[in-house]
Every structure is written in C-alpha cells, then in structure tokens.
Amino acid sequence: MLVKTFQAGEMSEALRMVKAEMGLDAMILSSKKERKKGILGFFSKPYYEVTAALEPRPAQRPNPYREEPPPAPERELSTREEFQNSMLGPLAREVRELKQRIEALTKKEAQQAAQQAAPLAQEPQQEIPAVPRTFGKEELEEIKQLLYNAVSGNKEKAPERGAKPVTFQLAGQALEQTVKAAAQPEPLAFPFPVGQPEKVAPALNLVKETAKASDEERLLQQLAEELRSEEVGPLAVQTLTESVRAAAEEGASLEELRSLMAENLAGMVKCSGSLRIKKNGPRIVAVVGPTGVGKTTTIAKIAAMYALNRRVSVAMVTMDNFRVGAVEQLKTYAKIMDLPLEVAGNSQELSKALARHSDKDLILIDTAGRSPKDADRLDELKGYLETQTGIDVYLCLSATTRSREIDEIIATFGTLPLTKLLFTKLDESRTFGCIVDTCLKHKIPLSYFSTGQKVPEDIEVATSRKLAAMVVQESN
C-alpha cells in the first residue's frame, strides 16, 4: 500500500493534489489543520495536512464459477416459411421424382439409338438436335398420375387408369424446363392446371395477409418479451409496443422497431436536469426516502459536485438523529470538503440553521430514513418541512426495489410535496424496469442517477435517453 501526506493552504487544494497524484481510488486516512512548530508558528498561517493511501489493484483472474452464456435461440420460422415447408415440400419432391423418371427414359432411348448407330461408327459423329419425343400409353398414365398427385396434394382421388387420357403438349427440353420452374422455392402463386384457379387466388391472398400479420405480431411479441426481461410492468409494455405497431404494419425491421421504441420511451419520461442555482437566495433541497437507500452518501456527492467542481457555496444540514453514526458520517464529508454542517433536531433548529446560511447558494438537508409503514414519523417530517418555504423535496429510491413496493413508497411519501425523483444503486441492479414503471405511472421528473459509492464521481444527471438505452436492447 502506498501512503503519502499532502500539505496545502486550503483543504480543497489538498484534496485536488491527492486526486491528481494518486487518482480516484485513493483513500483518505486522516486530515488535520496544523501550524508551523516553534515561536514563529503562532504568527504563521495554518495549513491542512491530508494523508492518503492507494491500494495497488490485483491482477484480474478468470472467474471459474462464471457460467457460460446460453446458446442463441434458434430462429423461429415465419408463417410463410412454414407454409412453404408444409405444402410446397411434397410438391417439389413429386416434381423431382417426375424429372428423374423422364431423365431415365431419355437415357434409355439414347442408349438404344447408340446401339442402332454402332455400324456407322466410322462416320464423324454429329450432335443430334433435341426433337419432340412421344410417350407410350403406360408412361403417359404414370406421368399423369404423378402430376395429378403433385397438384392436388393427394387430397382427392386420382383418376383411374381407364379414364380419359390427358394430352401433354410438352416434351423433351420443354418438359424439363417446366419441371425446373415448378421446383423453384417461391411457388406461392404457382399455376393450377386442374380445377379453377380464380377460386383459389383469394385463398392465397388470405394466406399472404395472414403470414404478414403473423410476422408483425411476432416482432411485437419479441419486443414485449425483451421489455418483460427488464422487469417492465404490463401497462408500460403495452404502451410501448402499441407505440410502434404502426411502424410494424408498414414492414419495419426489428432493429428499426427497437430504435423507434427507445425514442418513444425517451419522449414519455420527464427529467428535470441538474440543480439550478438561484440568483437571489439559496436553493434549498431536502432528500427524503426509506431507510438504506443511500440518502447521506447522495447528499455528499451533490455537495462535492457543486462545491469542488462548480465553485458554488454549499452548506449541509442533517436531521438524522436516529441512525447510529449518521451525523459523524456527514461530519467527515463536511470536514474533508471544508463545508459547514448544522444539526437540527426539530423545526425551530432547522429554521435557525437555514437562517444562518441564507447567504449560501445551495443548502442540502439530510433527513432520517422513514419506513413507509411508520405514519407518525412521516407526519413529524412533514411538519418540519412545512414550516419552511421554497424547499424542493427529492424522493430517494433504490433501483433494486420492485415496482409494487415503489408504488407503496410513493403513496406513503406522497403526503410530502415531492418535486423530483432520485434513483440510487444502479450498479447493484440488473434490470431497470422499475424506473420506467415509476416514471410512466407517477409522472414525477427524474433528477439524478447514483451509480456507486465513490464521492463525488458516482453520480450523474438523469436523462430520458440514458434510461431508454438501459431498458431497450438496441442490438441483439
């Protein structure tokens, strides 16, 4: 472990030196205010001494317990492909069998012609042009039987051998070309030599329309399954899939539908952006929420973001007198950032603390965690905040909480004048459907996303496009 001490005239300058030399992973071991030793030290300006440590990162090793990703699912056949496989496959096999029989007959005749022409072997051989050939009665009956079975699909009784023969106008190469054309893979509009084709065409059109509608529903169903895998609720899934139905009916691809759904979701979610500092008077923000969601750490992140990065005058007030170590934790952050901290146990002390720091640009209030089932504590908190005017109340929620529990939390904390939502622990959550459900159902703007424990790095302004990118899979 590397340990080093930094000295500077201001605490903020010392912290910048630690960050510049040791990086974001440095740990603050101690910080204190000192003066030079000796008699002259009484007349010298005090300085700040910060001791930091850096733990070297161990080499990453492969995780032997990591499961291999499951194989990609096989592509489902469309209705059109299933139709072709079920109806056109037997037809193609019948046609190929017919072609093989014709080729065998042609080869047999060629062998007979070669035997007859053996005495004339001395003469130069010339290519014999293909001429129409004739078939015997039994051969014609066999060909007729095969064609009738291929066209009718063996659903009707074939004509008996003694029935009126069918006249074939094709022979030789013409018949072979017909066989090849019939074996093509796109025979949905194939001709019907028997029966009445004009009566079959409407049925084929219906099949095509059904196949197209089935493809649209398959794409929408796949998008719905992807949203459900992100634990998006049924109402939000229906809203988002219906928003792209028109594009699916126009023939949009799956990737195009994903992109359109992401844009639609971004347009449905409201975001407030970062905190805006007032020109006259401080911006006062109180962070409320259930226990264990990270309110104190989030307040420290926002304070550091504005005090160190934006050079804004910040003061912090804590009303958390219930949790052991809560005040000490915030005092540590305040000392490191050289920010004032007030402790208020009731509404009168809160009013005095706000009055003492009325010259600040931003005042952040940390409140004690309240259980949604503890109505008395919530009423007490409501009484504290109602004595002051102009306080923005941010509800802090964890991304690991289920949508139904978030609904209960908002219903309970709804007695407070909630203005913004703030989601934490995004780094601990695998899915983010609860955020989508909350935004679409309650219409409260998003403010920030907290993505880790580092102060002040692991916090970012929430945007609708960021949320859409986390939920909608734009590529598979």
# chains A, B, ... in the order shown; residues from 1 in each chain; ligands from 1
>>> residues_around(residues="Lys466 in chain A", least_positions_apart="6", cutoff="12 Å", atoms="only C-alpha atoms", output="ChimeraX atom specification")
/A:262-263,265-267,269,271,432,435-436,446,448-449,460,472
>>> write_last_selection(atoms="C-alpha atoms", output="compact mmCIF listing (two decimals), in the first residue's frame")
# COMPACT_ATOMS: atom_id res chain seq x y z
CA ALA A 262 -36.32 3.86 -27.48
CA GLU A 263 -37.20 7.26 -28.95
CA LEU A 265 -39.78 5.93 -24.33
CA ALA A 266 -37.40 8.90 -24.14
CA GLY A 267 -40.30 11.17 -25.09
CA VAL A 269 -40.08 10.16 -19.44
CA CYS A 271 -36.30 14.67 -16.47
CA PHE A 432 -34.27 -1.06 -14.66
CA ILE A 435 -37.69 3.15 -13.13
CA VAL A 436 -39.74 3.06 -16.34
CA LEU A 446 -36.14 12.29 -12.67
CA TYR A 448 -30.07 12.08 -10.72
CA PHE A 449 -28.78 8.52 -11.06
CA GLU A 460 -24.85 11.69 -12.98
CA VAL A 472 -34.43 -1.10 -24.70
>>> select_by_dssp(residues="range 408-452 of chain A", states="alpha helix (DSSP H)", output="PyMOL selection string")
chain A and resi 408-413+433-442
>>> write_last_selection(atoms="all heavy atoms", output="compact mmCIF listing (two decimals), in the first residue's frame")
# COMPACT_ATOMS: atom_id res chain seq x y z
N GLU A 408 -45.97 1.74 -3.34
CA GLU A 408 -46.36 1.92 -1.95
C GLU A 408 -45.56 3.05 -1.29
O GLU A 408 -46.11 3.83 -0.50
CB GLU A 408 -46.16 0.61 -1.18
CG GLU A 408 -47.05 -0.54 -1.66
CD GLU A 408 -46.75 -1.84 -0.95
OE1 GLU A 408 -45.82 -1.85 -0.12
OE2 GLU A 408 -47.44 -2.85 -1.22
N ILE A 409 -44.26 3.13 -1.60
CA ILE A 409 -43.42 4.19 -1.02
C ILE A 409 -43.91 5.56 -1.48
O ILE A 409 -44.05 6.49 -0.69
CB ILE A 409 -41.95 3.97 -1.41
CG1 ILE A 409 -41.42 2.70 -0.75
CG2 ILE A 409 -41.10 5.18 -1.02
CD1 ILE A 409 -40.04 2.31 -1.23
N ILE A 410 -44.20 5.70 -2.77
CA ILE A 410 -44.65 6.99 -3.29
C ILE A 410 -46.02 7.34 -2.73
O ILE A 410 -46.30 8.51 -2.42
CB ILE A 410 -44.67 6.96 -4.83
CG1 ILE A 410 -43.24 6.85 -5.38
CG2 ILE A 410 -45.35 8.20 -5.40
CD1 ILE A 410 -43.16 6.80 -6.88
N ALA A 411 -46.88 6.34 -2.58
CA ALA A 411 -48.20 6.61 -2.00
C ALA A 411 -48.06 7.12 -0.56
O ALA A 411 -48.81 8.00 -0.13
CB ALA A 411 -49.05 5.35 -2.05
N THR A 412 -47.09 6.57 0.18
CA THR A 412 -46.91 6.99 1.57
C THR A 412 -46.22 8.34 1.66
O THR A 412 -46.67 9.24 2.38
CB THR A 412 -46.10 5.94 2.34
OG1 THR A 412 -46.74 4.67 2.23
CG2 THR A 412 -45.98 6.31 3.80
N PHE A 413 -45.11 8.51 0.94
CA PHE A 413 -44.39 9.78 0.97
C PHE A 413 -45.10 10.86 0.15
O PHE A 413 -44.64 12.00 0.12
CB PHE A 413 -42.96 9.59 0.44
CG PHE A 413 -42.02 8.99 1.44
CD1 PHE A 413 -41.92 7.62 1.58
CD2 PHE A 413 -41.23 9.80 2.24
CE1 PHE A 413 -41.06 7.06 2.51
CE2 PHE A 413 -40.36 9.25 3.17
CZ PHE A 413 -40.27 7.87 3.30
N GLY A 433 -36.50 -1.87 -15.14
CA GLY A 433 -37.90 -1.69 -15.50
C GLY A 433 -38.68 -0.93 -14.44
O GLY A 433 -39.66 -0.24 -14.77
N CYS A 434 -38.27 -1.02 -13.16
CA CYS A 434 -38.99 -0.30 -12.11
C CYS A 434 -38.91 1.21 -12.32
O CYS A 434 -39.87 1.94 -11.99
CB CYS A 434 -38.44 -0.68 -10.74
SG CYS A 434 -36.72 -0.21 -10.46
N ILE A 435 -37.81 1.71 -12.88
CA ILE A 435 -37.69 3.15 -13.13
C ILE A 435 -38.67 3.57 -14.21
O ILE A 435 -39.33 4.62 -14.12
CB ILE A 435 -36.25 3.50 -13.52
CG1 ILE A 435 -35.26 3.02 -12.45
CG2 ILE A 435 -36.10 5.00 -13.73
CD1 ILE A 435 -33.80 3.31 -12.78
N VAL A 436 -38.80 2.75 -15.27
CA VAL A 436 -39.74 3.06 -16.34
C VAL A 436 -41.17 3.05 -15.81
O VAL A 436 -41.96 3.98 -16.08
CB VAL A 436 -39.58 2.04 -17.49
CG1 VAL A 436 -40.65 2.27 -18.56
CG2 VAL A 436 -38.20 2.14 -18.10
N ASP A 437 -41.53 2.02 -15.05
CA ASP A 437 -42.88 1.95 -14.49
C ASP A 437 -43.19 3.16 -13.63
O ASP A 437 -44.28 3.75 -13.71
CB ASP A 437 -43.04 0.68 -13.66
CG ASP A 437 -43.01 -0.57 -14.51
OD1 ASP A 437 -43.21 -0.45 -15.74
OD2 ASP A 437 -42.77 -1.67 -13.98
N THR A 438 -42.22 3.56 -12.80
CA THR A 438 -42.44 4.69 -11.89
C THR A 438 -42.63 5.99 -12.66
O THR A 438 -43.53 6.78 -12.35
CB THR A 438 -41.26 4.82 -10.92
OG1 THR A 438 -41.09 3.58 -10.22
CG2 THR A 438 -41.49 5.93 -9.93
N CYS A 439 -41.82 6.21 -13.68
CA CYS A 439 -41.91 7.47 -14.43
C CYS A 439 -43.21 7.55 -15.22
O CYS A 439 -43.86 8.61 -15.26
CB CYS A 439 -40.71 7.59 -15.37
SG CYS A 439 -39.13 7.81 -14.53
N LEU A 440 -43.60 6.45 -15.87
CA LEU A 440 -44.81 6.48 -16.68
C LEU A 440 -46.07 6.52 -15.83
O LEU A 440 -47.09 7.08 -16.25
CB LEU A 440 -44.85 5.26 -17.60
CG LEU A 440 -43.73 5.13 -18.63
CD1 LEU A 440 -43.98 3.96 -19.56
CD2 LEU A 440 -43.57 6.41 -19.44
N LYS A 441 -46.02 5.96 -14.63
CA LYS A 441 -47.22 5.88 -13.80
C LYS A 441 -47.41 7.14 -12.97
O LYS A 441 -48.54 7.66 -12.85
CB LYS A 441 -47.14 4.66 -12.89
CG LYS A 441 -48.40 4.42 -12.06
CD LYS A 441 -48.23 3.18 -11.18
CE LYS A 441 -48.01 1.93 -12.01
NZ LYS A 441 -47.95 0.72 -11.15
N HIS A 442 -46.34 7.68 -12.37
CA HIS A 442 -46.48 8.77 -11.41
C HIS A 442 -46.11 10.14 -11.99
O HIS A 442 -46.39 11.15 -11.32
CB HIS A 442 -45.62 8.48 -10.18
CG HIS A 442 -46.01 7.22 -9.48
ND1 HIS A 442 -47.12 7.12 -8.67
CD2 HIS A 442 -45.44 5.98 -9.49
CE1 HIS A 442 -47.22 5.89 -8.20
NE2 HIS A 442 -46.21 5.17 -8.67
>>> closest_residue(among="A:Glu217, A:Asp407, A:Asp376, A:Glu349", to="Gln388 in chain A", atoms="only C-alpha atoms")
A:Glu349
>>> atom_distance(atom1="CA of Ile363 in chain A", atom2="CA of Val317 in chain A")
7.3 Å
>>> residues_around(residues="Leu362 in chain A", least_positions_apart="5", cutoff="9 Å", atoms="only C-alpha atoms", output="PyMOL selection string")
chain A and resi 277-278+281-285+303+306+312-316
>>> write_last_selection(atoms="all heavy atoms", output="short mmCIF file (atom, residue, chain, number, x, y, z; two decimals), in the first residue's frame")
data_model
loop_
_atom_site.label_atom_id
_atom_site.label_comp_id
_atom_site.auth_asym_id
_atom_site.auth_seq_id
_atom_site.Cartn_x
_atom_site.Cartn_y
_atom_site.Cartn_z
N ILE A 277 -29.09 26.91 -9.67
CA ILE A 277 -28.82 27.84 -8.57
C ILE A 277 -29.60 29.14 -8.79
O ILE A 277 -29.64 29.68 -9.90
CB ILE A 277 -27.32 28.13 -8.45
CG1 ILE A 277 -26.54 26.81 -8.26
CG2 ILE A 277 -27.04 29.08 -7.32
CD1 ILE A 277 -26.97 26.03 -7.04
N LYS A 278 -30.23 29.63 -7.73
CA LYS A 278 -30.98 30.88 -7.81
C LYS A 278 -30.05 32.09 -7.81
O LYS A 278 -28.94 32.04 -7.27
CB LYS A 278 -31.95 30.99 -6.63
CG LYS A 278 -33.05 29.94 -6.61
CD LYS A 278 -33.96 30.16 -5.40
CE LYS A 278 -35.09 29.15 -5.36
NZ LYS A 278 -35.97 29.37 -4.17
N GLY A 281 -31.00 34.40 -3.22
CA GLY A 281 -31.41 33.45 -2.20
C GLY A 281 -30.90 32.06 -2.49
O GLY A 281 -30.57 31.71 -3.63
N PRO A 282 -30.81 31.24 -1.45
CA PRO A 282 -30.26 29.88 -1.63
C PRO A 282 -31.28 28.93 -2.21
O PRO A 282 -32.49 29.07 -2.01
CB PRO A 282 -29.88 29.48 -0.21
CG PRO A 282 -30.85 30.23 0.66
CD PRO A 282 -31.12 31.53 -0.04
N ARG A 283 -30.80 27.93 -2.94
CA ARG A 283 -31.62 26.80 -3.36
C ARG A 283 -31.56 25.76 -2.24
O ARG A 283 -30.49 25.29 -1.87
CB ARG A 283 -31.08 26.20 -4.65
CG ARG A 283 -31.68 24.87 -5.05
CD ARG A 283 -33.10 25.00 -5.58
NE ARG A 283 -33.09 25.68 -6.87
CZ ARG A 283 -34.19 25.95 -7.57
NH1 ARG A 283 -35.38 25.60 -7.08
NH2 ARG A 283 -34.13 26.59 -8.71
N ILE A 284 -32.73 25.42 -1.67
CA ILE A 284 -32.81 24.50 -0.54
C ILE A 284 -33.40 23.19 -1.03
O ILE A 284 -34.48 23.16 -1.63
CB ILE A 284 -33.67 25.09 0.59
CG1 ILE A 284 -33.15 26.47 1.00
CG2 ILE A 284 -33.68 24.15 1.79
CD1 ILE A 284 -34.01 27.16 2.05
N VAL A 285 -32.68 22.10 -0.80
CA VAL A 285 -33.10 20.77 -1.24
C VAL A 285 -33.09 19.83 -0.05
O VAL A 285 -32.07 19.71 0.65
CB VAL A 285 -32.17 20.23 -2.36
CG1 VAL A 285 -32.56 18.80 -2.72
CG2 VAL A 285 -32.23 21.12 -3.58
N ALA A 303 -23.10 17.72 -2.88
CA ALA A 303 -22.34 18.81 -2.27
C ALA A 303 -20.95 18.93 -2.88
O ALA A 303 -20.49 20.04 -3.20
CB ALA A 303 -22.24 18.59 -0.76
N TYR A 306 -21.01 20.40 -6.53
CA TYR A 306 -21.20 21.86 -6.66
C TYR A 306 -20.11 22.65 -5.96
O TYR A 306 -19.69 23.70 -6.45
CB TYR A 306 -22.58 22.25 -6.12
CG TYR A 306 -23.69 21.99 -7.09
CD1 TYR A 306 -24.28 20.74 -7.20
CD2 TYR A 306 -24.15 22.99 -7.94
CE1 TYR A 306 -25.29 20.49 -8.11
CE2 TYR A 306 -25.16 22.76 -8.85
CZ TYR A 306 -25.72 21.51 -8.93
OH TYR A 306 -26.71 21.27 -9.86
N VAL A 312 -19.47 26.55 -6.07
CA VAL A 312 -20.69 27.10 -5.50
C VAL A 312 -20.61 26.99 -3.99
O VAL A 312 -20.14 25.98 -3.45
CB VAL A 312 -21.93 26.33 -6.03
CG1 VAL A 312 -23.20 26.79 -5.32
CG2 VAL A 312 -22.07 26.54 -7.53
N SER A 313 -21.06 28.02 -3.27
CA SER A 313 -21.06 27.97 -1.81
C SER A 313 -22.18 27.06 -1.33
O SER A 313 -23.35 27.23 -1.68
CB SER A 313 -21.25 29.38 -1.23
OG SER A 313 -22.46 29.95 -1.69
N VAL A 314 -21.81 26.05 -0.53
CA VAL A 314 -22.74 25.00 -0.12
C VAL A 314 -22.71 24.86 1.39
O VAL A 314 -21.65 24.97 2.02
CB VAL A 314 -22.37 23.65 -0.77
CG1 VAL A 314 -23.35 22.56 -0.35
CG2 VAL A 314 -22.37 23.78 -2.29
N ALA A 315 -23.87 24.61 1.97
CA ALA A 315 -23.99 24.28 3.39
C ALA A 315 -24.85 23.02 3.51
O ALA A 315 -25.74 22.78 2.69
CB ALA A 315 -24.61 25.43 4.18
N MET A 316 -24.58 22.22 4.55
CA MET A 316 -25.33 20.98 4.75
C MET A 316 -25.98 21.01 6.12
O MET A 316 -25.39 21.50 7.10
CB MET A 316 -24.41 19.76 4.62
CG MET A 316 -23.87 19.55 3.22
SD MET A 316 -22.98 17.98 3.02
CE MET A 316 -21.57 18.26 4.09
#
>>> closest_residue(among="A:Met17, A:Glu230, A:Lys36, A:Glu216", to="Ser403 in chain A", atoms="only C-alpha atoms")
A:Glu230
>>> atom_distance(atom1="CA of Ala52 in chain A", atom2="CA of Asp25 in chain A")
10.1 Å
>>> residues_around(residues="Val327 in chain A", least_positions_apart="2", cutoff="12 Å", atoms="only C-alpha atoms", output="PDB file with N, CA and C atoms, in the first residue's frame")
ATOM      1  N   THR A 296     -27.636   9.874   2.601  1.00  0.00           N
ATOM      2  CA  THR A 296     -26.499  10.651   3.109  1.00  0.00           C
ATOM      3  C   THR A 296     -25.355  10.682   2.099  1.00  0.00           C
ATOM      4  N   THR A 297     -25.015   9.534   1.523  1.00  0.00           N
ATOM      5  CA  THR A 297     -23.944   9.492   0.525  1.00  0.00           C
ATOM      6  C   THR A 297     -24.317  10.317  -0.707  1.00  0.00           C
ATOM      7  N   MET A 316     -24.575  22.215   4.550  1.00  0.00           N
ATOM      8  CA  MET A 316     -25.327  20.983   4.755  1.00  0.00           C
ATOM      9  C   MET A 316     -25.982  21.007   6.125  1.00  0.00           C
ATOM     10  N   VAL A 317     -27.194  20.464   6.176  1.00  0.00           N
ATOM     11  CA  VAL A 317     -27.951  20.349   7.423  1.00  0.00           C
ATOM     12  C   VAL A 317     -28.423  18.906   7.533  1.00  0.00           C
ATOM     13  N   THR A 318     -28.228  18.286   8.698  1.00  0.00           N
ATOM     14  CA  THR A 318     -28.697  16.921   8.912  1.00  0.00           C
ATOM     15  C   THR A 318     -29.763  16.893   9.997  1.00  0.00           C
ATOM     16  N   MET A 319     -30.816  16.161   9.720  1.00  0.00           N
ATOM     17  CA  MET A 319     -31.892  15.941  10.693  1.00  0.00           C
ATOM     18  C   MET A 319     -31.967  14.471  11.090  1.00  0.00           C
ATOM     19  N   ASP A 320     -30.933  13.706  10.741  1.00  0.00           N
ATOM     20  CA  ASP A 320     -30.909  12.269  11.014  1.00  0.00           C
ATOM     21  C   ASP A 320     -30.276  12.034  12.383  1.00  0.00           C
ATOM     22  N   ASN A 321     -31.106  12.047  13.429  1.00  0.00           N
ATOM     23  CA  ASN A 321     -30.635  11.785  14.786  1.00  0.00           C
ATOM     24  C   ASN A 321     -30.965  10.366  15.246  1.00  0.00           C
ATOM     25  N   PHE A 322     -31.503   9.547  14.325  1.00  0.00           N
ATOM     26  CA  PHE A 322     -31.948   8.209  14.715  1.00  0.00           C
ATOM     27  C   PHE A 322     -30.898   7.147  14.375  1.00  0.00           C
ATOM     28  N   ARG A 323     -30.292   7.248  13.219  1.00  0.00           N
ATOM     29  CA  ARG A 323     -29.347   6.224  12.791  1.00  0.00           C
ATOM     30  C   ARG A 323     -27.996   6.456  13.459  1.00  0.00           C
ATOM     31  N   VAL A 324     -27.410   5.400  14.008  1.00  0.00           N
ATOM     32  CA  VAL A 324     -26.120   5.499  14.688  1.00  0.00           C
ATOM     33  C   VAL A 324     -25.025   5.827  13.671  1.00  0.00           C
ATOM     34  N   GLY A 325     -24.276   6.879  13.958  1.00  0.00           N
ATOM     35  CA  GLY A 325     -23.171   7.248  13.083  1.00  0.00           C
ATOM     36  C   GLY A 325     -23.566   8.104  11.897  1.00  0.00           C
ATOM     37  N   GLN A 329     -20.878  10.518   9.974  1.00  0.00           N
ATOM     38  CA  GLN A 329     -20.567  10.273   8.563  1.00  0.00           C
ATOM     39  C   GLN A 329     -20.609  11.564   7.759  1.00  0.00           C
ATOM     40  N   LEU A 330     -21.646  12.362   7.964  1.00  0.00           N
ATOM     41  CA  LEU A 330     -21.754  13.616   7.225  1.00  0.00           C
ATOM     42  C   LEU A 330     -20.726  14.637   7.707  1.00  0.00           C
ATOM     43  N   LYS A 331     -20.388  14.586   9.009  1.00  0.00           N
ATOM     44  CA  LYS A 331     -19.344  15.480   9.513  1.00  0.00           C
ATOM     45  C   LYS A 331     -18.006  15.189   8.839  1.00  0.00           C
ATOM     46  N   THR A 332     -17.729  13.912   8.603  1.00  0.00           N
ATOM     47  CA  THR A 332     -16.479  13.549   7.927  1.00  0.00           C
ATOM     48  C   THR A 332     -16.432  14.131   6.524  1.00  0.00           C
ATOM     49  N   TYR A 333     -17.526  13.970   5.794  1.00  0.00           N
ATOM     50  CA  TYR A 333     -17.578  14.549   4.448  1.00  0.00           C
ATOM     51  C   TYR A 333     -17.439  16.064   4.492  1.00  0.00           C
ATOM     52  N   ALA A 334     -18.125  16.705   5.436  1.00  0.00           N
ATOM     53  CA  ALA A 334     -18.065  18.170   5.534  1.00  0.00           C
ATOM     54  C   ALA A 334     -16.658  18.651   5.864  1.00  0.00           C
ATOM     55  N   LEU A 341     -21.608  22.393   8.446  1.00  0.00           N
ATOM     56  CA  LEU A 341     -22.636  21.399   8.709  1.00  0.00           C
ATOM     57  C   LEU A 341     -23.391  21.785   9.962  1.00  0.00           C
ATOM     58  N   GLU A 342     -24.725  21.756   9.871  1.00  0.00           N
ATOM     59  CA  GLU A 342     -25.591  22.044  11.001  1.00  0.00           C
ATOM     60  C   GLU A 342     -26.396  20.797  11.346  1.00  0.00           C
ATOM     61  N   VAL A 343     -26.677  20.611  12.640  1.00  0.00           N
ATOM     62  CA  VAL A 343     -27.501  19.511  13.121  1.00  0.00           C
ATOM     63  C   VAL A 343     -28.781  20.097  13.683  1.00  0.00           C
ATOM     64  N   ALA A 344     -29.925  19.661  13.132  1.00  0.00           N
ATOM     65  CA  ALA A 344     -31.226  20.183  13.553  1.00  0.00           C
ATOM     66  C   ALA A 344     -32.092  19.021  14.020  1.00  0.00           C
ATOM     67  N   GLY A 345     -32.624  19.140  15.258  1.00  0.00           N
ATOM     68  CA  GLY A 345     -33.451  18.079  15.804  1.00  0.00           C
ATOM     69  C   GLY A 345     -34.926  18.368  15.750  1.00  0.00           C
ATOM     70  N   ASP A 366     -30.303  16.638   4.902  1.00  0.00           N
ATOM     71  CA  ASP A 366     -30.359  15.178   5.012  1.00  0.00           C
ATOM     72  C   ASP A 366     -31.378  14.810   6.081  1.00  0.00           C
ATOM     73  N   THR A 367     -32.304  13.934   5.750  1.00  0.00           N
ATOM     74  CA  THR A 367     -33.347  13.531   6.688  1.00  0.00           C
ATOM     75  C   THR A 367     -33.155  12.073   7.087  1.00  0.00           C
ATOM     76  N   ALA A 368     -33.759  11.705   8.194  1.00  0.00           N
ATOM     77  CA  ALA A 368     -33.681  10.320   8.662  1.00  0.00           C
ATOM     78  C   ALA A 368     -34.559   9.435   7.797  1.00  0.00           C
TER      79      ALA A 368
END
>>> atom_distance(atom1="CA of Lys99 in chain A", atom2="CA of Gln116 in chain A")
25.9 Å
>>> closest_residue(among="A:Arg402, A:Glu109, A:Gly294, A:Arg310", to="Gly233 in chain A", atoms="only C-alpha atoms")
A:Arg402
>>> closest_residue(among="A:Thr241, A:Thr5, A:Gln115, A:Ser272", to="Leu260 in chain A", atoms="only C-alpha atoms")
A:Thr241
